[in-house]
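> So that you have it, the file is protein_4.cif, and it contains mmCIF, C-alpha atoms (C1' of nucleotides):
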data_model
#
loop_
_atom_site.label_atom_id
_atom_site.label_comp_id
_atom_site.auth_asym_id
_atom_site.auth_seq_id
_atom_site.Cartn_x
_atom_site.Cartn_y
_atom_site.Cartn_z
CA MET A 1 -24.54 28.91 79.55
CA PRO A 2 -23.18 26.59 82.10
CA GLU A 3 -19.46 27.00 82.52
CA LEU A 4 -17.41 26.12 85.58
CA PRO A 5 -19.19 28.42 88.08
CA GLU A 6 -22.63 27.37 86.87
CA VAL A 7 -21.81 23.65 86.97
CA GLU A 8 -20.21 24.13 90.39
CA THR A 9 -23.40 25.81 91.56
CA VAL A 10 -25.54 22.92 90.35
CA ALA A 11 -23.15 20.36 91.87
CA ASN A 12 -23.18 22.09 95.26
CA GLU A 13 -26.93 22.48 95.34
CA LEU A 14 -27.65 18.92 94.21
CA ASN A 15 -25.05 17.46 96.53
CA HIS A 16 -26.93 19.05 99.37
CA LYS A 17 -30.44 18.28 98.13
CA LEU A 18 -30.04 14.74 96.78
CA LYS A 19 -27.92 13.23 99.53
CA ASN A 20 -29.33 9.84 100.58
CA ARG A 21 -32.44 10.14 98.45
CA LYS A 22 -33.52 6.83 97.03
CA VAL A 23 -34.66 6.49 93.43
CA ALA A 24 -38.11 4.92 93.29
CA ASP A 25 -38.70 5.43 89.58
CA VAL A 26 -37.14 7.00 86.49
CA GLU A 27 -38.99 8.31 83.50
CA ILE A 28 -36.96 8.68 80.30
CA ARG A 29 -38.82 10.64 77.68
CA ALA A 30 -35.95 11.05 75.20
CA ALA A 31 -33.71 8.03 74.72
CA LYS A 32 -30.87 9.98 73.11
CA ILE A 33 -30.21 11.79 76.39
CA VAL A 34 -29.12 8.69 78.33
CA GLY A 35 -26.25 6.25 77.93
CA VAL A 36 -24.62 3.32 79.73
CA GLY A 37 -20.85 2.75 79.56
CA PRO A 38 -17.74 4.89 79.22
CA ALA A 39 -18.07 5.63 75.49
CA THR A 40 -18.55 9.25 74.54
CA LEU A 41 -22.11 10.13 73.68
CA SER A 42 -21.40 11.94 70.43
CA PRO A 43 -24.30 13.71 68.71
CA LYS A 44 -24.52 11.39 65.75
CA ARG A 45 -24.31 8.09 67.58
CA SER A 46 -27.15 5.69 67.07
CA ILE A 47 -29.13 4.88 70.17
CA PRO A 48 -28.11 1.41 71.43
CA PRO A 49 -31.08 -0.93 71.72
CA GLY A 50 -32.31 -1.39 75.25
CA VAL A 51 -30.37 1.54 76.65
CA VAL A 52 -33.42 3.01 78.35
CA GLU A 53 -34.21 -0.28 80.13
CA LYS A 54 -30.56 -0.74 81.13
CA PHE A 55 -30.38 2.76 82.51
CA LYS A 56 -33.54 2.32 84.54
CA LYS A 57 -32.51 -1.07 85.87
CA ILE A 58 -29.21 0.26 87.18
CA VAL A 59 -30.63 3.39 88.78
CA LEU A 60 -33.78 1.98 90.39
CA GLY A 61 -33.38 1.51 94.13
CA GLN A 62 -30.08 3.40 94.22
CA LYS A 63 -29.34 6.22 96.61
CA PHE A 64 -27.47 9.36 95.63
CA VAL A 65 -24.34 9.53 97.76
CA SER A 66 -22.75 12.73 96.46
CA VAL A 67 -22.61 15.11 93.53
CA ARG A 68 -19.40 16.81 92.46
CA ARG A 69 -17.87 18.56 89.47
CA ARG A 70 -14.91 17.90 87.16
CA ALA A 71 -14.51 20.47 84.39
CA LYS A 72 -18.08 21.04 83.19
CA LEU A 73 -19.14 17.47 83.99
CA LEU A 74 -21.32 16.61 86.96
CA ILE A 75 -20.45 13.36 88.70
CA PHE A 76 -23.24 11.72 90.69
CA ASP A 77 -21.96 8.96 92.95
CA LEU A 78 -24.58 6.24 93.42
CA SER A 79 -24.72 3.88 96.37
CA GLY A 80 -23.97 0.87 94.14
CA PRO A 81 -20.84 0.58 92.00
CA TRP A 82 -22.07 3.09 89.43
CA SER A 83 -21.60 6.78 88.78
CA MET A 84 -23.73 9.04 86.62
CA LEU A 85 -21.87 11.59 84.51
CA VAL A 86 -23.92 14.52 83.30
CA HIS A 87 -23.04 17.23 80.83
CA LEU A 88 -25.42 20.17 80.60
CA LYS A 89 -23.85 21.40 77.35
CA MET A 90 -25.59 24.67 76.51
CA THR A 91 -29.14 24.42 77.74
CA GLY A 92 -29.33 21.53 80.23
CA GLN A 93 -31.10 22.26 83.52
CA PHE A 94 -31.78 20.37 86.72
CA ILE A 95 -34.76 21.39 88.82
CA PHE A 96 -35.25 19.72 92.17
CA GLU A 97 -38.66 19.79 93.76
CA ASP A 98 -39.83 18.78 97.19
CA LYS A 99 -43.02 19.65 99.03
CA ILE A 100 -41.57 22.84 100.49
CA LEU A 101 -40.33 24.06 97.14
CA ARG A 102 -43.57 23.18 95.41
CA LYS A 103 -45.47 25.17 97.99
CA ALA A 104 -43.12 28.12 97.59
CA THR A 105 -43.33 28.24 93.80
CA GLY A 106 -46.80 26.87 93.27
CA GLY A 107 -45.19 24.31 91.01
CA GLN A 108 -44.22 26.98 88.49
CA TYR A 109 -40.61 27.36 87.40
CA ARG A 110 -38.58 29.55 85.15
CA LEU A 111 -37.20 27.58 82.25
CA LEU A 112 -36.03 30.42 80.07
CA ASN A 113 -33.91 33.45 80.74
CA LYS A 114 -36.15 35.93 79.01
CA LYS A 115 -37.20 38.51 81.54
CA ASP A 116 -40.83 38.30 80.56
CA ALA A 117 -40.88 34.54 79.94
CA PRO A 118 -43.78 32.93 81.77
CA LYS A 119 -42.98 30.40 84.43
CA VAL A 120 -44.15 26.92 83.53
CA ALA A 121 -45.18 23.81 85.41
CA LEU A 122 -43.01 20.68 85.33
CA PRO A 123 -42.70 18.36 83.58
CA ALA A 124 -42.65 20.66 80.58
CA LYS A 125 -42.11 20.23 76.86
CA HIS A 126 -38.35 20.01 77.25
CA THR A 127 -38.25 17.75 80.30
CA HIS A 128 -36.45 14.60 79.12
CA VAL A 129 -35.61 12.66 82.27
CA ILE A 130 -37.42 12.57 85.61
CA PHE A 131 -36.16 10.94 88.82
CA TYR A 132 -38.89 10.15 91.35
CA PHE A 133 -37.55 9.62 94.85
CA ALA A 134 -38.95 7.40 97.55
CA ASP A 135 -39.77 10.43 99.72
CA LYS A 136 -41.90 11.89 96.89
CA SER A 137 -39.38 14.56 95.93
CA VAL A 138 -38.56 14.83 92.21
CA LEU A 139 -35.57 15.79 90.06
CA TYR A 140 -36.23 17.03 86.52
CA PHE A 141 -33.68 17.21 83.72
CA ASN A 142 -34.66 19.72 81.05
CA ASP A 143 -32.77 20.53 77.88
CA VAL A 144 -34.21 22.62 75.07
CA ARG A 145 -31.60 21.56 72.53
CA LYS A 146 -31.03 18.00 73.72
CA PHE A 147 -27.24 18.34 73.50
CA GLY A 148 -26.77 17.36 77.14
CA TYR A 149 -26.50 13.80 78.39
CA LEU A 150 -26.77 11.52 81.42
CA LYS A 151 -24.34 8.62 81.25
CA LEU A 152 -24.01 5.74 83.69
CA VAL A 153 -20.48 4.43 84.09
CA HIS A 154 -19.37 1.53 86.29
CA ASP A 155 -16.99 2.76 88.96
CA THR A 156 -14.23 0.52 87.57
CA GLU A 157 -14.55 2.23 84.21
CA VAL A 158 -14.71 5.87 85.23
CA GLY A 159 -10.99 6.12 84.48
CA LYS A 160 -11.65 5.04 80.90
CA VAL A 161 -14.01 7.88 80.12
CA ARG A 162 -12.38 9.85 77.36
CA GLU A 163 -13.50 13.22 78.64
CA PHE A 164 -11.51 12.68 81.83
CA LEU A 165 -8.43 11.41 80.02
CA GLU A 166 -8.21 14.53 77.91
CA TYR A 167 -9.01 17.17 80.50
CA GLY A 168 -6.30 19.57 81.61
CA PRO A 169 -5.97 21.00 85.15
CA GLU A 170 -8.78 22.45 87.23
CA PRO A 171 -8.29 26.23 87.35
CA LEU A 172 -9.11 26.44 91.07
CA ASP A 173 -6.86 23.53 92.03
CA LYS A 174 -3.58 24.15 93.83
CA LYS A 175 -1.84 22.22 91.07
CA PHE A 176 -2.83 24.92 88.62
CA THR A 177 0.27 27.02 89.20
CA LEU A 178 1.66 29.82 87.06
CA PRO A 179 4.41 27.58 85.61
CA ALA A 180 1.84 24.88 84.84
CA PHE A 181 -0.35 27.43 83.08
CA LEU A 182 2.55 28.86 81.08
CA THR A 183 3.70 25.41 79.99
CA GLN A 184 0.25 24.58 78.65
CA VAL A 185 -0.36 27.92 76.98
CA LYS A 186 3.01 28.03 75.29
CA LYS A 187 2.22 24.76 73.56
CA ARG A 188 -0.19 26.79 71.48
CA PRO A 189 1.96 29.79 70.36
CA LYS A 190 -0.08 30.41 67.23
CA GLY A 191 -3.46 30.10 68.92
CA LYS A 192 -5.54 33.10 69.85
CA ILE A 193 -5.59 33.54 73.60
CA LYS A 194 -9.36 33.37 73.99
CA GLN A 195 -9.57 30.06 72.14
CA VAL A 196 -6.61 28.70 74.09
CA LEU A 197 -8.30 29.60 77.39
CA MET A 198 -11.43 27.76 76.25
CA ASP A 199 -9.46 24.62 75.32
CA ASN A 200 -10.15 21.93 77.92
CA LYS A 201 -6.71 20.45 77.38
CA VAL A 202 -5.09 23.70 78.58
CA VAL A 203 -7.40 24.36 81.52
CA VAL A 204 -10.94 23.12 82.06
CA GLY A 205 -14.22 24.87 82.68
CA ILE A 206 -13.69 28.18 80.89
CA GLY A 207 -16.17 28.96 78.11
CA ASN A 208 -17.25 32.01 76.20
CA ILE A 209 -18.51 34.11 79.09
CA TYR A 210 -15.65 33.66 81.50
CA SER A 211 -12.89 33.82 78.88
CA ASP A 212 -14.22 37.24 77.86
CA GLU A 213 -14.35 38.39 81.47
CA ILE A 214 -10.92 37.01 82.35
CA LEU A 215 -9.34 38.77 79.37
CA PHE A 216 -11.03 42.03 80.26
CA HIS A 217 -9.57 41.89 83.76
CA ALA A 218 -6.18 41.02 82.29
CA LYS A 219 -6.47 43.94 79.83
CA VAL A 220 -5.75 41.68 76.86
CA ARG A 221 -7.80 41.46 73.66
CA PRO A 222 -9.29 38.04 72.84
CA THR A 223 -7.67 38.01 69.40
CA ARG A 224 -4.07 38.28 70.63
CA LYS A 225 -1.84 35.41 69.58
CA VAL A 226 -0.15 33.61 72.45
CA SER A 227 3.28 34.28 70.93
CA SER A 228 2.61 38.02 71.03
CA LEU A 229 1.83 38.11 74.74
CA LYS A 230 4.41 39.67 77.05
CA PRO A 231 5.32 37.83 80.26
CA ASN A 232 3.42 40.35 82.38
CA GLU A 233 0.32 39.88 80.23
CA LEU A 234 0.42 36.11 80.65
CA VAL A 235 0.79 36.59 84.40
CA ALA A 236 -2.16 38.99 84.40
CA ILE A 237 -4.30 36.44 82.58
CA TYR A 238 -3.29 33.70 85.00
CA ARG A 239 -4.06 35.93 87.99
CA ALA A 240 -7.49 36.87 86.62
CA ILE A 241 -8.70 33.30 86.20
CA GLY A 242 -9.22 32.36 89.86
CA PRO A 243 -10.92 35.58 91.03
CA VAL A 244 -13.26 35.80 88.03
CA LEU A 245 -14.39 32.17 88.39
CA LYS A 246 -14.75 32.49 92.17
CA LYS A 247 -16.88 35.59 91.72
CA GLY A 248 -19.11 33.57 89.40
CA ILE A 249 -19.46 30.79 91.96
CA LYS A 250 -20.22 33.29 94.71
CA ALA A 251 -22.98 34.81 92.57
CA LYS A 252 -24.38 31.29 91.94
CA GLY A 253 -23.60 31.43 88.27
CA SER A 254 -24.37 33.65 85.35
CA SER A 255 -27.84 33.33 83.88
CA VAL A 256 -27.05 33.88 80.25
CA GLY A 257 -29.01 31.70 77.90
CA ASP A 258 -30.94 29.07 79.78
CA PHE A 259 -29.01 28.59 82.98
CA VAL A 260 -31.08 28.33 86.13
CA ARG A 261 -30.28 27.13 89.62
CA THR A 262 -31.79 23.91 90.92
CA ASP A 263 -34.75 25.77 92.38
CA GLY A 264 -35.47 27.44 89.06
CA SER A 265 -34.07 30.83 90.08
CA TRP A 266 -31.42 32.74 88.16
CA GLY A 267 -27.78 33.13 89.01
CA GLY A 268 -26.60 36.61 89.90
CA MET A 269 -23.35 36.87 87.94
CA GLY A 270 -24.86 38.59 84.91
CA LYS A 271 -24.87 42.01 86.49
CA PHE A 272 -21.14 41.73 87.11
CA HIS A 273 -20.23 41.16 83.49
CA PHE A 274 -17.86 43.78 82.14
CA VAL A 275 -17.90 42.72 78.51
CA TYR A 276 -19.81 39.49 77.77
CA GLY A 277 -23.20 40.22 76.26
CA ARG A 278 -22.58 43.98 76.40
CA LYS A 279 -21.94 44.70 72.72
CA GLY A 280 -22.70 48.33 71.92
CA GLN A 281 -22.94 49.27 75.60
CA LYS A 282 -20.46 51.46 77.45
CA CYS A 283 -17.44 49.96 79.19
CA LYS A 284 -17.99 50.11 82.94
CA LYS A 285 -14.43 51.35 83.43
CA CYS A 286 -13.76 53.82 80.64
CA GLY A 287 -17.04 54.44 78.83
CA SER A 288 -15.85 53.19 75.44
CA VAL A 289 -18.30 51.15 73.38
CA ILE A 290 -17.88 47.38 73.79
CA GLN A 291 -16.94 45.68 70.53
CA VAL A 292 -17.30 42.10 69.31
CA VAL A 293 -15.07 39.98 67.14
CA LYS A 294 -15.54 36.55 65.57
CA LEU A 295 -13.11 33.80 66.54
CA GLY A 296 -13.75 30.50 64.84
CA GLY A 297 -17.49 30.87 64.88
CA ARG A 298 -17.55 32.24 68.44
CA THR A 299 -18.15 35.78 69.56
CA GLY A 300 -15.60 37.55 71.70
CA SER A 301 -16.55 40.80 73.44
CA TYR A 302 -13.95 43.33 74.52
CA CYS A 303 -13.32 46.96 75.37
CA PRO A 304 -11.18 48.56 72.66
CA LYS A 305 -9.61 51.01 75.13
CA CYS A 306 -9.09 48.88 78.24
CA GLN A 307 -7.82 45.82 76.36
CA VAL A 308 -4.67 45.95 74.25
"C1'" DT B 1 -36.77 33.10 55.54
"C1'" DT B 2 -32.38 33.30 57.17
"C1'" DC B 3 -29.23 33.76 60.84
"C1'" DA B 4 -27.08 33.81 65.38
"C1'" DA B 5 -26.51 31.68 69.81
"C1'" DT B 6 -23.94 28.14 72.59
"C1'" DG B 7 -20.26 23.44 74.11
"C1'" DT B 8 -18.21 19.90 72.16
"C1'" DT B 9 -16.87 16.60 68.73
"C1'" DT B 10 -15.54 15.50 64.22
"C1'" DA B 11 -13.89 16.07 59.59
"C1'" DG B 12 -11.13 18.16 56.22
"C1'" DA B 13 -7.69 21.51 54.40
"C1'" DC B 14 -3.16 23.23 54.57
"C1'" DG C 1 0.58 17.07 64.41
"C1'" DG C 2 -0.71 22.13 64.96
"C1'" DT C 3 -3.95 25.19 63.45
"C1'" DC C 4 -7.93 26.87 61.28
"C1'" DT C 5 -12.56 26.49 59.49
"C1'" DA C 6 -16.90 24.54 59.04
"C1'" DA C 7 -20.38 21.39 60.02
"C1'" DA C 8 -23.26 18.84 63.09
"C1'" DC C 9 -26.37 18.43 67.02
"C1'" DA C 10 -31.99 21.10 68.26
"C1'" DT C 11 -34.43 24.89 69.01
"C1'" DT C 12 -35.77 29.53 69.61
"C1'" DG C 13 -36.18 34.28 68.71
"C1'" DA C 14 -34.87 38.23 66.17
#
What does the file become when written as structure tokens?


Amino acid sequence: MPELPEVETVANELNHKLKNRKVADVEIRAAKIVGVGPATLSPKRSIPPGVVEKFKKIVLGQKFVSVRRRAKLLIFDLSGPWSMLVHLKMTGQFIFEDKILRKATGGQYRLLNKKDAPKVALPAKHTHVIFYFADKSVLYFNDVRKFGYLKLVHDTEVGKVREFLEYGPEPLDKKFTLPAFLTQVKKRPKGKIKQVLMDNKVVVGIGNIYSDEILFHAKVRPTRKVSSLKPNELVAIYRAIGPVLKKGIKAKGSSVGDFVRTDGSWGGMGKFHFVYGRKGQKCKKCGSVIQVVKLGGRTGSYCPKCQV
DNA sequence: TTCAATGTTTAGAC
DNA sequence: GGTCTAAACATTGA
């Protein structure tokens, strides 16, 4: 699933690949995916009339200036006074294709993470938005579950987007200091540490995979209440966050679920997982069997010997 | 046929 | 308001 390292990977790759490309046409095959304006695109919202036409009108003729990341949101800066905010949620994918890539892949891409899943040609069943560029390159947005969204926001209104207003600090930012972390975490003394780490108000970008991995490295069980954590344990958690996320970025993300890079290839983080997705397997450090526990409908994986 | 998976929002209970 | 739980969103695969 895309968490901070996966979204960072997509942002970096698209920033490089889309720079200065001009949109010649947009094809929107699922209206619920797109939006115009700062309002949150909640699942149950009704689709505003004319949103597809509005979206197209704004984007046509625009150039992509840059792509960056805030939390798990992608921010595409357009040459006009508009930005496009994209959330991949759980299964969103971007695949960029130019002549060279098409030649290299034969136009066949991986869209699923199953080892034996056949590669498919794009656009595919779950391709919902397609950007055609003036130089004949193409950007596909795929999303099996349609939870993701592409939202155009006028540059003067980006500050009004609720997601941004509620986000806590970026974990890799210099402002994310130990005291800042402790202040945030201690606001939630009764919360379980894994859920607190995944709360975007505390720190952004950490989801199920990386919270499990961070807690393994900190030797703390996911179910521990914040109030029960000793100072040295909180410090260990804080110190694990940066290195674990940076390792994920270096590996170009973790291909669990449907995450793929923008050329359709898989990220390499999966083989570095110590606990996530390893239920029933042996701990890489001590050989104990990895256990799972339910936390508010989510699964937490941990080593019963390494984590206290 | 039912259930789990996943990120996020929303609603309701205490 | 903090905290917890469950439901909703769409789809697939076990």

> Counting all atoms listed in the file, select every polymer residue within 10 Å of (-16.4, 24.1, 60.0) as defined in the file's coordinates, and provide the selection as a ChimeraX atom specification.

/A:296-297 /B:10-12 /C:4-8

> Please measure the separation of CA of Arg102 in chain A and CA of Ile130 in chain A, giving the value in Å to one decimal.

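So the two atoms, CA of Arg102 in chain A and CA of Ile130 in chain A, lie 15.7 Å apart.
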
> In terms of the shortest atom-to-atom distance over only C-alpha atoms (C1' of nucleotides), which of A:Glu163, A:Asp173, A:Asp212, A:Asp263 is closest to DT9 in chain B?

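Among the listed residues, A:Glu163 lies closest to DT9 in chain B.
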
> With all atoms listed in the file counted and 12 Å as the cut-off, give the residues of chain B in contact with chain A, each with its shortest interatomic distance in Å and the pair that gives it, as a tab-separated table.


residue	atom	partner	partner_atom	distance
B:DA4	C1'	A:Gly297	CA	10.0
B:DA5	C1'	A:Gly257	CA	8.5
B:DT6	C1'	A:Met90	CA	5.5
B:DG7	C1'	A:Lys89	CA	5.2
B:DT8	C1'	A:Lys89	CA	7.8
B:DT9	C1'	A:Ser42	CA	6.7
B:DT10	C1'	A:Ser42	CA	9.3

> Neighbours of Arg70 in chain A within 12 Å (all atoms listed in the file; same-chain residues fewer than 5 positions away dropped), as a list in words?

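With the cut-off at 12 Å, the set is Glu3, Leu4, Pro5, Val7, Glu8, Ala11, Ile75, Phe76, Leu85, Val86, His87, Glu163, Phe164, Leu165, Glu166, Tyr167, Gly168, Pro169, Glu170, Pro171, Leu172, Asp173, Asn200, Val203, Val204 and Gly205 of chain A.
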
> As a list in words, could you give me every residue of chain C near chain A (at most 7 Å apart, counting all atoms listed in the file)?

DT5, DC9, DA10 and DT11 of chain C

> Interatomic distance between CA of Lys294 in chain A and CA of Ile206 in chain A?

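Separation of CA of Lys294 in chain A and CA of Ile206 in chain A: 17.6 Å.
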
> Rounded to one decimal place, report the CA of Arg69 in chain A-CA of Tyr109 in chain A distance in Å.

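Rounded to one decimal, the two atoms are 24.5 Å apart.
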
> Check what the PyMOL selection byres ((chain A and resi 59) around 10) selects in the file above and give those residues as a PyMOL selection string.

chain A and resi 22-26+54-58+60-64+78-80+82-84+131+152

> Please expand the PyMOL selection byres ((chain B and resi 1) around 12) into the concrete residues it hits in this file, giving the result as a ChimeraX atom specification.

/B:2-3 /C:14

> Would you kindly identify which residues have an atom no farther than 12 Å from (-0.2, 27.6, 81.6), using all atoms listed in the file and the file's own coordinates, and write them out as a ChimeraX atom specification?

/A:168-171,175-189,193,196-197,199,201-204,226,231,234-239,241

> Report as an MDAnalysis selection string all protein, DNA and RNA residues lying within 8 Å of Val244 in chain A, evaluated on only C-alpha atoms (C1' of nucleotides), omitting residues in the same chain fewer than 4 positions from it.

chainID A and resid 210 213:214 240 248

> From the list A:Lys99, A:Lys305, A:Lys160, A:Arg224, which residue is nearest Gly37 in chain A when using only C-alpha atoms?

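The shortest atom-to-atom distance to Gly37 in chain A comes from A:Lys160.
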
> For Gly287 in chain A, work out the shell of residues within 10 Å, counting all atoms listed in the file and skipping chain neighbours fewer than 4 positions away, then give it as a PDB file with C-alpha atoms, in the coordinates of the input.


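Listed below is the output, result-v4.pdb:
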ATOM      1  CA  GLN A 281     -22.940  49.270  75.600  1.00  0.00           C
ATOM      2  CA  LYS A 282     -20.460  51.460  77.450  1.00  0.00           C
ATOM      3  CA  CYS A 283     -17.440  49.960  79.190  1.00  0.00           C
ATOM      4  CA  CYS A 303     -13.320  46.960  75.370  1.00  0.00           C
ATOM      5  CA  LYS A 305      -9.610  51.010  75.130  1.00  0.00           C
ATOM      6  CA  CYS A 306      -9.090  48.880  78.240  1.00  0.00           C
TER       7      CYS A 306
END

> Which neighbours of Ile100 in chain A fall inside 12 Å, counting all atoms listed in the file, when residues of the same chain fewer than 6 positions from it are skipped, and could you give them as JSON, numbers by chain?

{"A": [106, 107, 136, 137, 138, 263]}
